[in-house]
$ cat start.txt   # compact mmCIF, C-alpha atoms and all ligand atoms
# COMPACT_ATOMS: atom_id res chain seq x y z
CA MET A 14 52.79 17.64 12.66
CA LYS A 15 55.18 20.50 13.00
CA GLN A 16 57.02 21.11 9.82
CA SER A 17 60.43 19.53 10.14
CA GLY A 18 63.40 20.33 7.97
CA SER A 19 63.89 23.67 9.66
CA THR A 20 64.46 27.03 8.02
CA PHE A 21 66.77 28.69 5.54
CA SER A 22 69.32 31.30 6.49
CA SER A 23 68.86 34.45 4.37
CA ILE A 24 71.88 33.69 2.19
CA GLY A 25 70.78 30.05 1.98
CA PHE A 26 67.37 31.11 0.74
CA ILE A 27 68.80 33.45 -1.89
CA LEU A 28 71.24 30.82 -3.13
CA ALA A 29 68.60 28.07 -3.15
CA THR A 30 66.06 30.20 -5.01
CA ALA A 31 68.74 31.38 -7.42
CA GLY A 32 69.85 27.75 -7.66
CA SER A 33 66.35 26.83 -8.75
CA ALA A 34 66.24 29.66 -11.25
CA VAL A 35 69.69 29.09 -12.72
CA GLY A 36 69.50 25.86 -14.65
CA LEU A 37 69.35 24.31 -18.07
CA GLY A 38 66.93 27.06 -19.04
CA ASN A 39 69.69 29.68 -18.77
CA VAL A 40 72.38 27.74 -20.55
CA ILE A 41 70.49 25.64 -23.10
CA ARG A 42 67.10 27.20 -23.64
CA PHE A 43 67.89 30.93 -23.35
CA PRO A 44 70.66 31.03 -25.99
CA PHE A 45 68.74 28.86 -28.43
CA VAL A 46 65.48 30.76 -28.10
CA MET A 47 67.38 34.04 -28.40
CA GLY A 48 69.30 32.68 -31.40
CA GLU A 49 66.07 31.74 -33.12
CA SER A 50 64.32 34.97 -32.16
CA GLY A 51 66.96 37.25 -33.65
CA GLY A 52 69.11 38.25 -30.66
CA GLY A 53 68.95 41.76 -29.18
CA ALA A 54 65.26 42.43 -29.68
CA PHE A 55 64.32 39.24 -27.85
CA PHE A 56 66.88 39.96 -25.15
CA ALA A 57 65.52 43.47 -24.49
CA ILE A 58 61.96 42.22 -24.20
CA TYR A 59 63.12 39.33 -22.02
CA LEU A 60 64.79 41.75 -19.59
CA LEU A 61 61.70 43.96 -19.43
CA THR A 62 59.50 40.92 -18.84
CA ILE A 63 61.75 39.62 -16.07
CA LEU A 64 61.78 42.99 -14.32
CA PHE A 65 58.11 43.84 -14.61
CA ILE A 66 56.18 40.60 -14.79
CA GLY A 67 58.65 37.98 -13.53
CA ALA A 68 59.73 39.83 -10.40
CA SER A 69 56.12 40.82 -9.59
CA VAL A 70 54.86 37.25 -9.90
CA MET A 71 57.79 35.99 -7.86
CA LEU A 72 56.74 38.30 -5.04
CA THR A 73 53.19 36.87 -5.13
CA GLU A 74 54.59 33.37 -4.60
CA MET A 75 56.83 34.59 -1.79
CA VAL A 76 53.97 36.38 -0.07
CA ILE A 77 51.77 33.27 -0.11
CA GLY A 78 54.52 30.95 1.15
CA TYR A 79 55.91 33.35 3.73
CA ALA A 80 52.47 34.23 5.14
CA GLY A 81 51.04 30.70 4.85
CA LYS A 82 54.10 28.91 6.28
CA ALA A 83 53.31 25.67 4.39
CA GLY A 84 53.28 24.20 0.89
CA ALA A 85 50.92 25.65 -1.71
CA PRO A 86 47.75 23.67 -0.82
CA SER A 87 47.74 24.43 2.92
CA SER A 88 49.03 27.99 2.53
CA MET A 89 46.33 28.88 0.03
CA GLU A 90 43.66 27.19 2.09
CA THR A 91 44.68 29.14 5.20
CA LEU A 92 44.99 32.50 3.48
CA ALA A 93 42.02 32.43 1.08
CA MET A 94 39.17 34.75 2.04
CA ALA A 95 36.80 32.67 -0.10
CA GLY A 96 36.79 29.41 -2.06
CA LYS A 97 39.28 27.71 0.25
CA GLN A 98 38.83 24.23 -1.22
CA LYS A 99 39.28 25.40 -4.80
CA TRP A 100 42.46 27.25 -3.95
CA LYS A 101 43.76 24.24 -2.11
CA MET A 102 43.18 22.21 -5.29
CA MET A 103 45.06 24.78 -7.33
CA GLY A 104 47.87 24.51 -4.81
CA TRP A 105 48.12 20.78 -5.50
CA VAL A 106 48.05 21.37 -9.25
CA MET A 107 50.85 23.93 -9.05
CA SER A 108 52.98 21.71 -6.83
CA GLY A 109 52.36 18.73 -9.08
CA SER A 110 53.61 20.61 -12.12
CA SER A 111 57.06 20.79 -10.53
CA ASN A 112 57.18 17.01 -10.45
CA ILE A 113 56.16 16.83 -14.08
CA ILE A 114 59.06 19.14 -14.98
CA PHE A 115 61.33 16.97 -12.87
CA SER A 116 60.28 13.85 -14.76
CA TYR A 117 61.86 15.07 -17.99
CA TYR A 118 64.46 17.47 -16.57
CA VAL A 119 66.19 14.50 -14.95
CA ILE A 120 66.55 12.93 -18.40
CA LEU A 121 68.32 16.01 -19.73
CA LEU A 122 70.63 15.76 -16.73
CA ALA A 123 71.31 12.12 -17.57
CA TRP A 124 72.36 13.18 -21.10
CA ILE A 125 74.68 15.79 -19.61
CA VAL A 126 76.34 13.07 -17.55
CA GLY A 127 76.75 11.21 -20.85
CA TYR A 128 78.47 14.26 -22.33
CA ILE A 129 80.78 14.56 -19.33
CA TRP A 130 81.77 10.94 -19.94
CA LEU A 131 82.33 11.61 -23.65
CA SER A 132 84.44 14.68 -22.88
CA LEU A 133 86.55 12.75 -20.39
CA THR A 134 87.15 9.88 -22.79
CA GLY A 135 87.78 12.04 -25.84
CA GLY A 136 84.59 10.82 -27.48
CA LEU A 137 83.20 14.18 -28.66
CA ALA A 138 82.66 14.39 -32.42
CA HIS A 139 84.78 16.63 -34.65
CA ASP A 140 82.10 17.56 -37.14
CA THR A 141 78.46 18.44 -36.67
CA LYS A 142 77.20 15.52 -38.73
CA GLU A 143 78.90 12.99 -36.49
CA ALA A 144 77.92 15.08 -33.44
CA THR A 145 74.28 14.90 -34.46
CA VAL A 146 74.49 11.12 -34.62
CA ILE A 147 76.10 11.02 -31.17
CA PHE A 148 73.38 13.28 -29.79
CA GLU A 149 70.70 11.00 -31.22
CA ASN A 150 72.44 7.94 -29.82
CA ILE A 151 72.61 9.47 -26.36
CA GLN A 152 68.88 10.19 -26.47
CA THR A 153 67.95 6.68 -27.50
CA ASP A 154 70.47 4.80 -25.35
CA MET A 155 68.00 3.37 -22.86
CA PHE A 156 70.54 1.72 -20.57
CA SER A 157 72.65 4.76 -19.75
CA THR A 158 69.67 7.09 -19.63
CA PHE A 159 67.89 4.84 -17.12
CA LEU A 160 71.09 4.38 -15.13
CA PHE A 161 72.11 8.03 -14.90
CA ALA A 162 68.56 9.34 -14.50
CA GLY A 163 67.94 6.77 -11.76
CA ILE A 164 71.06 7.80 -9.84
CA ILE A 165 70.21 11.50 -10.14
CA LEU A 166 66.60 10.90 -9.11
CA ALA A 167 67.62 8.90 -6.04
CA GLY A 168 70.28 11.45 -5.11
CA THR A 169 68.07 14.52 -5.45
CA PHE A 170 65.17 12.94 -3.55
CA ALA A 171 67.56 11.94 -0.75
CA ILE A 172 68.87 15.50 -0.50
CA VAL A 173 65.39 17.06 -0.36
CA ALA A 174 64.16 14.48 2.14
CA ARG A 175 67.00 15.46 4.50
CA GLY A 176 65.34 18.83 4.89
CA ILE A 177 65.83 22.48 4.16
CA THR A 178 68.91 23.16 6.27
CA GLU A 179 70.69 19.84 6.03
CA GLY A 180 69.74 19.03 2.45
CA ILE A 181 68.71 21.86 0.16
CA GLU A 182 70.63 24.71 1.76
CA LYS A 183 73.86 22.75 2.19
CA LEU A 184 73.80 21.61 -1.45
CA ASN A 185 73.29 25.14 -2.74
CA LEU A 186 75.94 26.62 -0.46
CA VAL A 187 78.46 24.35 -2.17
CA LEU A 188 77.24 24.18 -5.76
CA MET A 189 76.17 27.78 -6.36
CA PRO A 190 79.59 29.34 -5.69
CA ALA A 191 81.12 26.61 -7.88
CA ILE A 192 78.71 27.43 -10.72
CA LEU A 193 79.36 31.16 -10.42
CA LEU A 194 83.11 30.63 -10.43
CA ILE A 195 83.04 28.39 -13.51
CA PHE A 196 80.84 30.83 -15.42
CA LEU A 197 83.13 33.72 -14.47
CA GLY A 198 86.08 31.74 -15.81
CA MET A 199 84.22 31.00 -19.03
CA LEU A 200 83.31 34.66 -19.45
CA ILE A 201 86.96 35.63 -19.10
CA TYR A 202 87.87 33.09 -21.76
CA ALA A 203 85.06 34.23 -24.07
CA VAL A 204 86.32 37.84 -23.88
CA THR A 205 89.61 36.72 -25.41
CA LEU A 206 87.91 35.14 -28.44
CA ASP A 207 87.65 36.95 -31.79
CA GLY A 208 83.91 36.39 -31.94
CA PHE A 209 83.27 38.15 -28.61
CA SER A 210 82.47 41.57 -30.09
CA GLU A 211 80.12 39.96 -32.59
CA ALA A 212 78.43 38.11 -29.72
CA LEU A 213 78.05 41.40 -27.84
CA ALA A 214 76.51 43.02 -30.90
CA PHE A 215 74.21 40.05 -31.46
CA MET A 216 72.86 40.23 -27.91
CA PHE A 217 72.86 43.94 -27.24
CA HIS A 218 72.07 45.52 -30.58
CA ILE A 219 68.34 46.01 -30.54
CA ASP A 220 66.57 45.94 -33.85
CA TRP A 221 63.11 47.06 -32.75
CA SER A 222 61.62 46.03 -36.07
CA ALA A 223 62.33 42.42 -35.07
CA VAL A 224 59.93 42.70 -32.13
CA SER A 225 56.76 40.82 -32.88
CA THR A 226 53.95 39.44 -30.76
CA LYS A 227 55.62 36.05 -31.08
CA VAL A 228 58.87 37.40 -29.65
CA ILE A 229 57.04 39.01 -26.74
CA ILE A 230 55.09 35.86 -25.96
CA SER A 231 58.16 33.65 -26.07
CA ALA A 232 59.99 36.13 -23.80
CA VAL A 233 57.18 35.89 -21.23
CA GLY A 234 57.27 32.08 -21.43
CA MET A 235 61.04 32.11 -21.04
CA SER A 236 60.94 34.47 -18.06
CA PHE A 237 58.57 32.13 -16.23
CA PHE A 238 60.66 29.09 -16.98
CA THR A 239 63.95 30.69 -16.02
CA LEU A 240 62.69 32.14 -12.73
CA SER A 241 60.98 28.82 -11.84
CA LEU A 242 57.63 30.55 -11.51
CA GLY A 243 54.15 29.11 -11.59
CA SER A 244 55.03 25.77 -10.04
CA ALA A 245 54.97 26.63 -6.32
CA ILE A 246 58.74 26.34 -5.93
CA VAL A 247 59.40 29.89 -4.76
CA LEU A 248 56.24 29.55 -2.66
CA ALA A 249 57.45 26.36 -0.97
CA TYR A 250 60.94 27.74 -0.33
CA SER A 251 59.47 30.94 1.13
CA ALA A 252 57.48 28.90 3.66
CA SER A 253 60.79 28.01 5.30
CA LEU A 254 62.04 31.55 5.80
CA PRO A 255 62.91 33.01 9.18
CA LYS A 256 60.87 35.96 10.50
CA GLY A 257 61.95 39.39 9.35
CA THR A 258 63.27 38.35 5.94
CA ASN A 259 63.34 41.12 3.34
CA LEU A 260 61.48 39.47 0.45
CA VAL A 261 62.06 42.31 -1.98
CA LYS A 262 65.81 42.32 -1.48
CA SER A 263 65.92 38.54 -1.92
CA ILE A 264 64.11 38.86 -5.26
CA ALA A 265 66.60 41.48 -6.43
CA TYR A 266 69.50 39.11 -5.76
CA VAL A 267 67.80 36.12 -7.36
CA VAL A 268 66.88 38.04 -10.50
CA LEU A 269 70.35 39.53 -10.70
CA LEU A 270 72.06 36.15 -10.38
CA ASP A 271 69.73 34.44 -12.83
CA THR A 272 70.02 37.17 -15.44
CA SER A 273 73.81 37.38 -15.08
CA ILE A 274 74.19 33.67 -15.70
CA ALA A 275 71.90 33.88 -18.73
CA ILE A 276 73.93 36.78 -20.14
CA VAL A 277 77.25 35.03 -19.54
CA SER A 278 75.92 31.80 -21.11
CA GLY A 279 74.70 33.72 -24.13
CA LEU A 280 77.94 35.66 -24.52
CA MET A 281 80.02 32.53 -24.15
CA ILE A 282 78.02 30.38 -26.51
CA PHE A 283 77.70 33.06 -29.20
CA SER A 284 81.38 34.00 -28.89
CA PHE A 285 82.21 30.37 -29.64
CA VAL A 286 79.72 30.23 -32.48
CA PHE A 287 80.97 33.44 -34.10
CA THR A 288 84.63 32.49 -33.61
CA TYR A 289 84.51 28.94 -34.92
CA GLY A 290 81.65 29.15 -37.35
CA GLY A 291 78.19 27.89 -36.54
CA SER A 292 74.67 29.15 -36.57
CA PRO A 293 73.16 30.93 -33.56
CA SER A 294 69.80 29.49 -34.57
CA ALA A 295 70.89 25.86 -34.39
CA GLY A 296 68.01 25.17 -31.97
CA PHE A 297 68.05 22.70 -29.14
CA GLY A 298 71.28 21.15 -30.43
CA LEU A 299 73.17 24.44 -30.06
CA VAL A 300 74.84 23.38 -26.82
CA PHE A 301 75.15 19.63 -27.36
CA ILE A 302 75.99 19.55 -31.05
CA THR A 303 77.48 22.93 -31.96
CA LEU A 304 79.36 23.58 -28.75
CA GLY A 305 80.34 19.92 -28.36
CA THR A 306 81.97 19.93 -31.80
CA MET A 307 83.81 23.16 -31.08
CA PHE A 308 85.21 21.78 -27.86
CA ALA A 309 86.38 18.64 -29.68
CA ASN A 310 88.20 20.72 -32.29
CA LEU A 311 90.10 22.65 -29.64
CA GLY A 312 92.11 19.53 -28.73
CA THR A 313 93.10 18.71 -25.17
CA LEU A 314 92.26 22.18 -23.90
CA GLY A 315 88.84 21.87 -25.54
CA HIS A 316 88.15 18.57 -23.82
CA PHE A 317 89.11 20.13 -20.53
CA PHE A 318 86.73 23.03 -21.21
CA ALA A 319 84.03 20.57 -22.18
CA VAL A 320 84.32 18.69 -18.89
CA VAL A 321 84.22 21.91 -16.88
CA PHE A 322 81.32 23.31 -18.92
CA PHE A 323 79.15 20.19 -18.73
CA MET A 324 79.93 19.87 -15.00
CA ALA A 325 78.70 23.45 -14.45
CA LEU A 326 75.61 22.60 -16.47
CA LEU A 327 75.03 19.49 -14.36
CA PHE A 328 75.46 21.42 -11.10
CA ALA A 329 73.08 24.14 -12.30
CA GLY A 330 70.56 21.48 -13.30
CA ILE A 331 70.82 19.62 -9.99
CA THR A 332 70.11 22.73 -7.90
CA SER A 333 67.00 23.23 -10.07
CA ALA A 334 65.95 19.58 -9.94
CA VAL A 335 66.13 19.60 -6.16
CA SER A 336 63.80 22.60 -6.04
CA MET A 337 61.22 20.79 -8.17
CA ILE A 338 60.78 18.10 -5.53
CA GLU A 339 60.23 20.40 -2.54
CA PRO A 340 56.70 21.76 -3.28
CA MET A 341 55.05 18.34 -3.42
CA LEU A 342 57.24 16.73 -0.79
CA LYS A 343 56.59 19.53 1.68
CA SER A 344 52.85 19.46 0.96
CA ILE A 345 52.57 15.69 1.43
CA HIS A 346 54.71 15.88 4.57
CA ILE A 347 52.44 18.52 6.11
CA ARG A 348 49.07 17.34 4.80
CA PHE A 349 49.46 13.67 5.74
CA THR A 350 51.64 14.28 8.80
CA ILE A 351 54.34 11.86 7.73
CA SER A 352 58.10 12.35 7.83
CA ARG A 353 59.93 14.00 4.93
CA TYR A 354 61.59 10.67 4.15
CA LYS A 355 58.29 8.85 3.86
CA ALA A 356 56.83 11.66 1.79
CA GLY A 357 59.93 11.45 -0.41
CA VAL A 358 59.46 7.73 -1.04
CA TYR A 359 55.75 8.12 -1.83
CA LEU A 360 56.55 10.90 -4.27
CA ALA A 361 59.60 9.28 -5.84
CA VAL A 362 57.61 6.26 -7.04
CA PRO A 363 55.11 8.03 -9.36
CA THR A 364 57.80 10.52 -10.45
CA ALA A 365 60.16 7.71 -11.43
CA LEU A 366 57.32 5.97 -13.22
CA LEU A 367 56.47 9.04 -15.28
CA SER A 368 60.14 9.57 -16.02
CA SER A 369 60.49 5.97 -17.17
CA ILE A 370 57.57 6.36 -19.54
CA VAL A 371 59.20 9.49 -21.00
CA ILE A 372 62.51 7.68 -21.44
CA LEU A 373 60.78 4.77 -23.18
CA SER A 374 58.98 7.18 -25.49
CA LEU A 375 62.37 8.63 -26.48
CA GLY A 376 63.55 5.11 -27.23
CA GLY A 377 60.69 4.77 -29.71
CA TYR A 378 58.61 2.40 -27.62
CA PHE A 379 55.44 4.39 -28.23
CA GLY A 380 55.82 4.94 -31.94
CA ALA A 381 56.66 8.48 -32.92
CA VAL A 382 55.34 10.05 -29.72
CA ASN A 383 58.00 12.14 -28.01
CA LEU A 384 56.66 12.60 -24.50
CA MET A 385 59.45 14.96 -23.48
CA ASP A 386 58.33 17.52 -26.05
CA LYS A 387 54.69 17.00 -25.12
CA LEU A 388 55.30 17.50 -21.40
CA ASP A 389 57.50 20.52 -22.05
CA TYR A 390 54.75 21.99 -24.21
CA LEU A 391 52.14 21.33 -21.52
CA LEU A 392 54.31 22.96 -18.89
CA SER A 393 55.60 26.01 -20.69
CA ASN A 394 52.33 26.77 -22.45
CA VAL A 395 49.71 25.73 -19.94
CA LEU A 396 50.80 24.87 -16.42
CA LEU A 397 53.41 27.55 -15.68
CA PRO A 398 51.35 30.51 -17.01
CA LEU A 399 48.32 29.00 -15.25
CA GLY A 400 50.33 28.89 -12.02
CA GLY A 401 51.29 32.55 -12.50
CA LEU A 402 47.67 33.42 -13.14
CA THR A 403 46.68 31.53 -10.00
CA THR A 404 49.08 33.29 -7.64
CA THR A 405 48.43 36.77 -9.02
CA VAL A 406 44.64 36.40 -8.87
CA PHE A 407 44.96 34.86 -5.41
CA VAL A 408 47.11 37.65 -3.96
CA GLY A 409 45.23 40.42 -5.79
CA TRP A 410 41.67 39.28 -5.14
CA PHE A 411 41.50 36.55 -2.51
CA MET A 412 44.02 37.54 0.12
CA ASP A 413 43.40 40.22 2.70
CA LYS A 414 45.30 43.30 1.48
CA HIS A 415 46.49 44.02 5.02
CA VAL A 416 48.06 40.60 5.28
CA VAL A 417 49.78 41.13 1.94
CA GLU A 418 51.05 44.52 3.09
CA SER A 419 52.31 43.30 6.43
CA THR A 420 54.03 40.32 4.81
CA ILE A 421 55.97 42.63 2.53
CA ASN A 422 56.61 44.74 5.59
CA GLY A 423 56.98 48.12 3.92
CA LYS A 424 59.93 46.94 1.84
CA LEU A 425 58.40 48.09 -1.45
CA GLY A 426 57.84 51.61 -0.12
CA VAL A 427 55.96 53.79 -2.55
CA PHE A 428 56.08 51.03 -5.15
CA PHE A 429 53.66 48.86 -3.21
CA ASP A 430 50.60 50.36 -4.89
CA LEU A 431 52.14 50.00 -8.34
CA TRP A 432 53.00 46.36 -7.65
CA TYR A 433 49.51 45.73 -6.29
CA ILE A 434 47.87 47.17 -9.41
CA MET A 435 50.21 45.05 -11.52
CA VAL A 436 49.27 41.92 -9.59
CA LYS A 437 45.56 42.62 -9.35
CA TYR A 438 44.81 43.84 -12.85
CA ILE A 439 47.66 43.88 -15.34
CA ALA A 440 49.48 40.58 -14.79
CA PRO A 441 46.36 38.35 -14.79
CA VAL A 442 45.09 39.85 -18.05
CA LEU A 443 48.53 39.65 -19.62
CA LEU A 444 49.05 36.08 -18.51
CA PHE A 445 45.66 35.07 -19.76
CA ILE A 446 46.42 36.53 -23.19
CA VAL A 447 49.83 34.88 -23.19
CA MET A 448 48.28 31.52 -22.35
CA LEU A 449 45.73 31.76 -25.12
CA SER A 450 48.40 32.80 -27.56
CA LEU A 451 50.81 30.04 -26.46
CA LEU A 452 48.02 27.56 -27.04
CA GLY A 453 47.48 29.00 -30.49
CA LEU A 454 43.94 30.09 -29.63
CA ILE A 455 44.50 33.72 -30.59
N1 LIG A 501 64.43 27.60 -13.79
C1 LIG A 501 64.94 26.35 -14.22
C2 LIG A 501 65.90 26.54 -15.38
O1 LIG A 501 66.09 27.62 -15.85
C3 LIG A 501 63.88 25.39 -14.67
C4 LIG A 501 62.65 25.36 -13.89
C5 LIG A 501 61.45 25.69 -14.46
C6 LIG A 501 62.68 24.97 -12.59
C7 LIG A 501 60.28 25.71 -13.75
C8 LIG A 501 61.53 24.93 -11.87
C9 LIG A 501 60.34 25.31 -12.44
O2 LIG A 501 66.46 25.58 -15.83
$ encode --input "start.txt" --output "structure tokens"
Amino acid sequence: MKQSGSTFSSIGFILATAGSAVGLGNVIRFPFVMGESGGGAFFAIYLLTILFIGASVMLTEMVIGYAGKAGAPSSMETLAMAGKQKWKMMGWVMSGSSNIIFSYYVILLAWIVGYIWLSLTGGLAHDTKEATVIFENIQTDMFSTFLFAGIILAGTFAIVARGITEGIEKLNLVLMPAILLIFLGMLIYAVTLDGFSEALAFMFHIDWSAVSTKVIISAVGMSFFTLSLGSAIVLAYSASLPKGTNLVKSIAYVVLLDTSIAIVSGLMIFSFVFTYGGSPSAGFGLVFITLGTMFANLGTLGHFFAVVFFMALLFAGITSAVSMIEPMLKSIHIRFTISRYKAGVYLAVPTALLSSIVILSLGGYFGAVNLMDKLDYLLSNVLLPLGGLTTTVFVGWFMDKHVVESTINGKLGVFFDLWYIMVKYIAPVLLFIVMLSLLGLI
């Protein structure tokens, strides 16, 4: 069956890929990991990692998708010079990891909807103790989590099933400008706060003595998560690109947008923290508990800010959630020659099931097992680096170099050889070490 769903426009592709990259990782995870890892030193390493490893790995995914013109399994099978069946398998594994992320990401989105509701109804707590209780209640409130997660799941699957042009591209063309505008507004507000200069210093003052192997490893993990790498998303999106697209330029825009949003989120959150008193290393609760309390204490204006902020967070999360469905949906649609809608239904059922199990585990139905943490650990420490390892080894060793070169179409110029060495030798070794270290094996 010919692939339906059509193709992206170049701006649509950039916005959709940036939409995938910009998500809860930028706003929730990045500031809290940076807060815990001591600020500037982590940030500097993170930027270096994004530029050298992240961007290089992103290009490997684009090359495979753009040259293979299908989801990961079929693209890798077509392009592999040897071991076709094994690469096809790896393609399924990579695509499947996106759905695993989706299964718990959708729960975080459901909590954000809960926070939008609280902000609208004036229900945010005024002190962190009370806010912690509210946060715990939101996590264990089975009814609203199931309700909101169910609505978001149905909505995102429906959008992706509609296709690239009518579904994914249209959504991103509307939501991405909205997200950028809201973040710009928040940056302008943050600049006026007393704590802004302290936030700047916290993020941009580099204390090299704070750089440790642990900081480097967590920066690599973060760069993969934030750029949505290792889970065949960029690969699947690139399969729907029109001929003649400049892959390198697209990466530059995506990385720029993703990094800008991370910087603005960090500056905004730390400006708030340094202005109103709080700890940058408050962990996962930094956004929900610390920021939520600050908004509540700012009165009506604060509640307004809270609504706008959590809406931006929800939009950013939805554009990422949508991207997590595409790799598997596209692969099923092509492999089994069924329509995107059918593929969507087949995929939605196991995804919803997994998600339900995670929600129940948060409600204490499986004792003390928190499946969200377990899945996040599996993804960040095993599946995403493994996906990165897969695409770099594939492009470096198992794809015809001429095909790789013609796919990039001379756009890297003299840097092609450097990139190729990075992909063939350096990145795989680095990623392997990172994986072992993330698993605590070295
Ligand atoms: N990049 C997204 C974020 O920052 C999360 C994500 C990770 C999406 C991996 C897809 C794959 O929130």
$ closest_residue --input "start.txt" --among "A:Ser241, A:Ser292, A:Ser116, A:Thr404" --to "ligand LIG 501 (chain A)" --atoms "all atoms listed in the file"
A:Ser241
$ residues_near_ligand --input "start.txt" --ligand "ligand LIG 501 (chain A)" --cutoff "7 Å" --atoms "all atoms listed in the file" --output "list in words"
Ser33, Ala34, Val35, Gly36, Leu37, Gly38, Asn39, Ser111, Ile114, Phe238, Thr239, Leu240, Ser241, Leu242, Ser244, Ile246, Gly330, Ser333, Ala334, Ser336 and Met337 of chain A
$ closest_residue --input "start.txt" --among "A:Phe209, A:Tyr79, A:Phe161, A:Phe411" --to "Val247 (chain A)" --atoms "only C-alpha atoms"
A:Tyr79
$ atom_distance --input "start.txt" --atom1 "CA of Met435 (chain A)" --atom2 "CA of Ile66 (chain A)"
8.1 Å
$ atom_distance --input "start.txt" --atom1 "CA of Val46 (chain A)" --atom2 "CA of Ser231 (chain A)"
8.1 Å
$ atom_distance --input "start.txt" --atom1 "CA of Ala144 (chain A)" --atom2 "CA of Met307 (chain A)"
10.3 Å
$ build_atoms --input "start.txt" --residues "region 155-160 of chain A" --atoms "all heavy atoms" --output "PDB file, in the frame of the given file"
ATOM      1  N   MET A 155      68.862   3.591 -24.028  1.00  0.00           N
ATOM      2  CA  MET A 155      68.000   3.370 -22.860  1.00  0.00           C
ATOM      3  C   MET A 155      68.794   3.030 -21.604  1.00  0.00           C
ATOM      4  O   MET A 155      68.504   3.527 -20.528  1.00  0.00           O
ATOM      5  CB  MET A 155      67.018   2.217 -23.142  1.00  0.00           C
ATOM      6  CG  MET A 155      66.039   2.476 -24.252  1.00  0.00           C
ATOM      7  SD  MET A 155      64.815   3.726 -23.818  1.00  0.00           S
ATOM      8  CE  MET A 155      65.532   5.177 -24.524  1.00  0.00           C
ATOM      9  N   PHE A 156      69.833   2.184 -21.765  1.00  0.00           N
ATOM     10  CA  PHE A 156      70.540   1.720 -20.570  1.00  0.00           C
ATOM     11  C   PHE A 156      71.168   2.874 -19.799  1.00  0.00           C
ATOM     12  O   PHE A 156      70.918   3.066 -18.616  1.00  0.00           O
ATOM     13  CB  PHE A 156      71.612   0.685 -20.949  1.00  0.00           C
ATOM     14  CG  PHE A 156      72.407   0.234 -19.762  1.00  0.00           C
ATOM     15  CD1 PHE A 156      71.847  -0.627 -18.829  1.00  0.00           C
ATOM     16  CD2 PHE A 156      73.706   0.703 -19.555  1.00  0.00           C
ATOM     17  CE1 PHE A 156      72.565  -1.028 -17.707  1.00  0.00           C
ATOM     18  CE2 PHE A 156      74.429   0.312 -18.433  1.00  0.00           C
ATOM     19  CZ  PHE A 156      73.865  -0.562 -17.514  1.00  0.00           C
ATOM     20  N   SER A 157      71.985   3.691 -20.507  1.00  0.00           N
ATOM     21  CA  SER A 157      72.650   4.760 -19.750  1.00  0.00           C
ATOM     22  C   SER A 157      71.675   5.827 -19.292  1.00  0.00           C
ATOM     23  O   SER A 157      71.858   6.418 -18.223  1.00  0.00           O
ATOM     24  CB  SER A 157      73.838   5.352 -20.508  1.00  0.00           C
ATOM     25  OG  SER A 157      73.516   5.515 -21.834  1.00  0.00           O
ATOM     26  N   THR A 158      70.625   6.081 -20.090  1.00  0.00           N
ATOM     27  CA  THR A 158      69.670   7.090 -19.630  1.00  0.00           C
ATOM     28  C   THR A 158      68.989   6.633 -18.339  1.00  0.00           C
ATOM     29  O   THR A 158      68.895   7.389 -17.372  1.00  0.00           O
ATOM     30  CB  THR A 158      68.603   7.387 -20.707  1.00  0.00           C
ATOM     31  OG1 THR A 158      69.261   7.646 -21.941  1.00  0.00           O
ATOM     32  CG2 THR A 158      67.768   8.597 -20.339  1.00  0.00           C
ATOM     33  N   PHE A 159      68.534   5.368 -18.335  1.00  0.00           N
ATOM     34  CA  PHE A 159      67.890   4.840 -17.120  1.00  0.00           C
ATOM     35  C   PHE A 159      68.866   4.864 -15.932  1.00  0.00           C
ATOM     36  O   PHE A 159      68.510   5.267 -14.828  1.00  0.00           O
ATOM     37  CB  PHE A 159      67.391   3.410 -17.339  1.00  0.00           C
ATOM     38  CG  PHE A 159      65.946   3.359 -17.760  1.00  0.00           C
ATOM     39  CD1 PHE A 159      65.585   2.952 -19.035  1.00  0.00           C
ATOM     40  CD2 PHE A 159      64.940   3.735 -16.881  1.00  0.00           C
ATOM     41  CE1 PHE A 159      64.246   2.918 -19.431  1.00  0.00           C
ATOM     42  CE2 PHE A 159      63.595   3.711 -17.262  1.00  0.00           C
ATOM     43  CZ  PHE A 159      63.258   3.293 -18.541  1.00  0.00           C
ATOM     44  N   LEU A 160      70.102   4.447 -16.202  1.00  0.00           N
ATOM     45  CA  LEU A 160      71.090   4.380 -15.130  1.00  0.00           C
ATOM     46  C   LEU A 160      71.361   5.760 -14.536  1.00  0.00           C
ATOM     47  O   LEU A 160      71.207   5.987 -13.331  1.00  0.00           O
ATOM     48  CB  LEU A 160      72.390   3.759 -15.666  1.00  0.00           C
ATOM     49  CG  LEU A 160      73.513   3.658 -14.647  1.00  0.00           C
ATOM     50  CD1 LEU A 160      73.195   2.578 -13.616  1.00  0.00           C
ATOM     51  CD2 LEU A 160      74.850   3.348 -15.317  1.00  0.00           C
TER      52      LEU A 160
END
